[in-house]
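Contents: one structure, followed by commentary.
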Amino acid sequence: MAAHGASGRLESILTDSSAPLAKRAWAAGTIELGLLTRLAAPAVVTYMINYLMSMSTQIFSGHLGNLELAAASLGNTGIQMFAYGLMLGMGSAVETLCGQAYGARKYEMLGTYLQRSAVLLCCTGIPLAVIYVFSEPILLFLGQSPEIARAASIFVYGLIPQIFAYAFNFPIQKFMQAQSIVLPSAYISTATLALHLLLSWVVVYKAGLGLLGASLVLSLSWWIIVAAQFGYIVMSPTCRHTWTGFTSQAFSGLTDFIKLSAASAVMLCLETWYFQVLVLIAGLLPNPELALDSLSVCMTIAGWVFMISVGFNAAASVRVSNELGAGNPKSAFFSVWVVTVLCGTITVILAIVILCLRNYISYLFTEGETVSNAVADLCPLLTITLILNGIQPVLSGVAVGCGWQQFVAYVNIGCYYIVGVPLGVVLGFVFKLGVKGIWGGMIGGTAMQTAILLWVTIRTDWNKEVEEAQKRLNKWEDKKEPLLTDVKKDDN
C-alpha cells in the first residue's frame, strides 16, 4: 500500500505550479525513478530468469547436435511461442483491470479477476494441447523438412504440461504486479532456475532422455513457479485485502471478460506470432538448418535483452494503470516518459556490447565456425532490433495500462503482417538476401509499429484516460454479485 502514498506525493508535486519547474521535475523524477526501480528491477529479473530457463533448455538441446538445436528452436519458437503469446495476451486483461482497480483502492475486485482469468485460460489450454499433439503434421504442412519436424514434435510433446502452467502463471503474475509485489516472483524464479539447470543436466545427459527430457523438465519448472507464487498469495499478509479465497464469481461475467481478454490476446499474439512466422519462413530457405541455427541464436539473444524491456513493460503498465485508477493524469503522463527514456538508454548500451562480441556469442549455443560466421553477419540487424525493442514494449505496456488493446491489435496487423512479413519474403527470396532479408522485413514492421505507438502516446489526453478508467471500473463493479453477508443484511 506504500505505493499509494508515493503516487499521491508525485501528483501533488506535478500539480504545484508555485514551485520552479526544474525543482518540480527533479523531485518528481526522484519519486518516479524510485517507484519504477522497485517495480522494474525485480520484474526484469523474473522475466529474464524465466526466459533463461527456455534459453538453457535450448542450449542443452543444442549441445546434442545441430539437428537438435534446430528442432528445439523450431519447437520452442515456432510452436511453443504460439501458446505463450496467446496465454500471456489473454492474461494482460488482468493487468489492465487489476492495475486500475488497485489504483482506485477497490481491492476486493483483484481476486475475482485473477480467478476469472485462470478459468478462461485453462479452457483455452485444451485446444492448444491438441495442436501440440499434432505438431509434426502441422510443421510438415507448413513446409518444414521431415527430419526437423519429427525432432521438433518430440520436443513439443514434453511442453504440453507447460500450457496449463501458463494458464495459472500469467493471471497470478499480473495480480501480484498490479499491487507492486514483484520481489517474491524474482526470488522464486531464481531458485527454480538453479533447480532447472541441475535437473536438465541429469535428465538430458545422464538419463539420456534427449529432447523429450529437456522439454519435460522445462514444463516441471514452470509448475514449480506457479505453486510457489500461489502459495505466497494465500499465506502472505500482503495480499489479505486482495485475495479473500475462491469465489463462484470467477464463473460469472465471463462474456465481457472474454471480450477484453480476446482483445489483449490478439494484440500480443500478433506480435509474438510475428517472430514465429519469421522462423517458419526461414525454414523454407535453401539451407534451412544453418538459417534456423543462426536465426535461433540471434533471436534467443534478442529475447534475452527483450526480457529487460518486458520488465519495464510491466512497470509501465502497473504505473499507468495505478495512476489512472487513482485519478492522477499528470503522474501517468510523467511515468510514461521516464520509463521510456530509461529503458531505451539501457537497451542501447546492451546493443553496443553485443555488437562488439558478435564473433563469439554463438559458441554459447553450439560449436562450429559456420554458425558463428552466420551469426556475426546477422548481428548488425540484431543491434537495430534491440534498440527498437527498448522502446516498443514500453509503449505496449502503456497501451495495456490504458486499455488500448483493440487499437494496438489493428496497428500490429498493419505493421507486422501487411508490411513486415511480405517485405521479409520479398527481401529474403526475391532479392536473394536469405535470412538477412527476412530479418530486415521484421525490422521494417517493428519500426513502423513503434513510430505509430509513439505518436499516439504523445497525443494522448490523460484526463480523458482517467475518465475512461473510472467508467471501466464502474462497469465491472456493477456486474459484481452481492456477497452472502450483504444479502442477509438486506433481508433483515
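Letters A, B, ... go to the chains of the C-alpha cells in the order shown; residues in each chain start at 1; ligands are counted from 1 in the same order.
Counting only C-alpha atoms, Ala165 of chain A has the following residues at most 8 Å away, ignoring those fewer than 5 positions along the same chain: Ser219, Trp222, Trp223 and Val226 of chain A.
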Could you dump the residues just selected with N, CA and C atoms as an mmCIF file, in the first residue's frame?
data_model
loop_
_atom_site.group_PDB
_atom_site.id
_atom_site.type_symbol
_atom_site.label_atom_id
_atom_site.label_comp_id
_atom_site.auth_asym_id
_atom_site.auth_seq_id
_atom_site.Cartn_x
_atom_site.Cartn_y
_atom_site.Cartn_z
ATOM 1 N N SER A 219 8.723 -27.887 -18.458
ATOM 2 C CA SER A 219 7.326 -27.862 -18.001
ATOM 3 C C SER A 219 7.248 -27.974 -16.477
ATOM 4 N N TRP A 222 8.109 -24.683 -14.701
ATOM 5 C CA TRP A 222 7.033 -23.691 -14.720
ATOM 6 C C TRP A 222 5.960 -24.007 -13.682
ATOM 7 N N TRP A 223 5.666 -25.293 -13.461
ATOM 8 C CA TRP A 223 4.678 -25.660 -12.452
ATOM 9 C C TRP A 223 5.196 -25.362 -11.043
ATOM 10 N N VAL A 226 4.536 -21.701 -10.504
ATOM 11 C CA VAL A 226 3.103 -21.453 -10.249
ATOM 12 C C VAL A 226 2.736 -21.798 -8.813
#
- Message: Applying 7 Å and only C-alpha atoms, which residues near Leu69 of chain A remain after dropping the ones on its own chain fewer than 5 positions away? List them as a list in words.
- Response: Gln58, Ser61, Gly62 and Asp293 of chain A
- Task: Rank nothing, just name the residue among A:Val398, A:Val94, A:Ala149, A:Val182 nearest to Phe334 of chain A, using only C-alpha atoms.
- Result: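 Distance minimum relative to Phe334 of chain A lands on A:Val398.
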- Non-local contacts of segment 336-348 of chain A (6 Å; only C-alpha atoms; under 2 positions in same chain excluded) as a VMD selection string: chain A and resid 333 to 334 350 to 351 387 390 to 391
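The smallest atom-to-atom distance between Leu473 of chain A and any of A:Tyr363, A:Trp304, A:Tyr102, A:Phe155, using only C-alpha atoms, is found for A:Tyr102.
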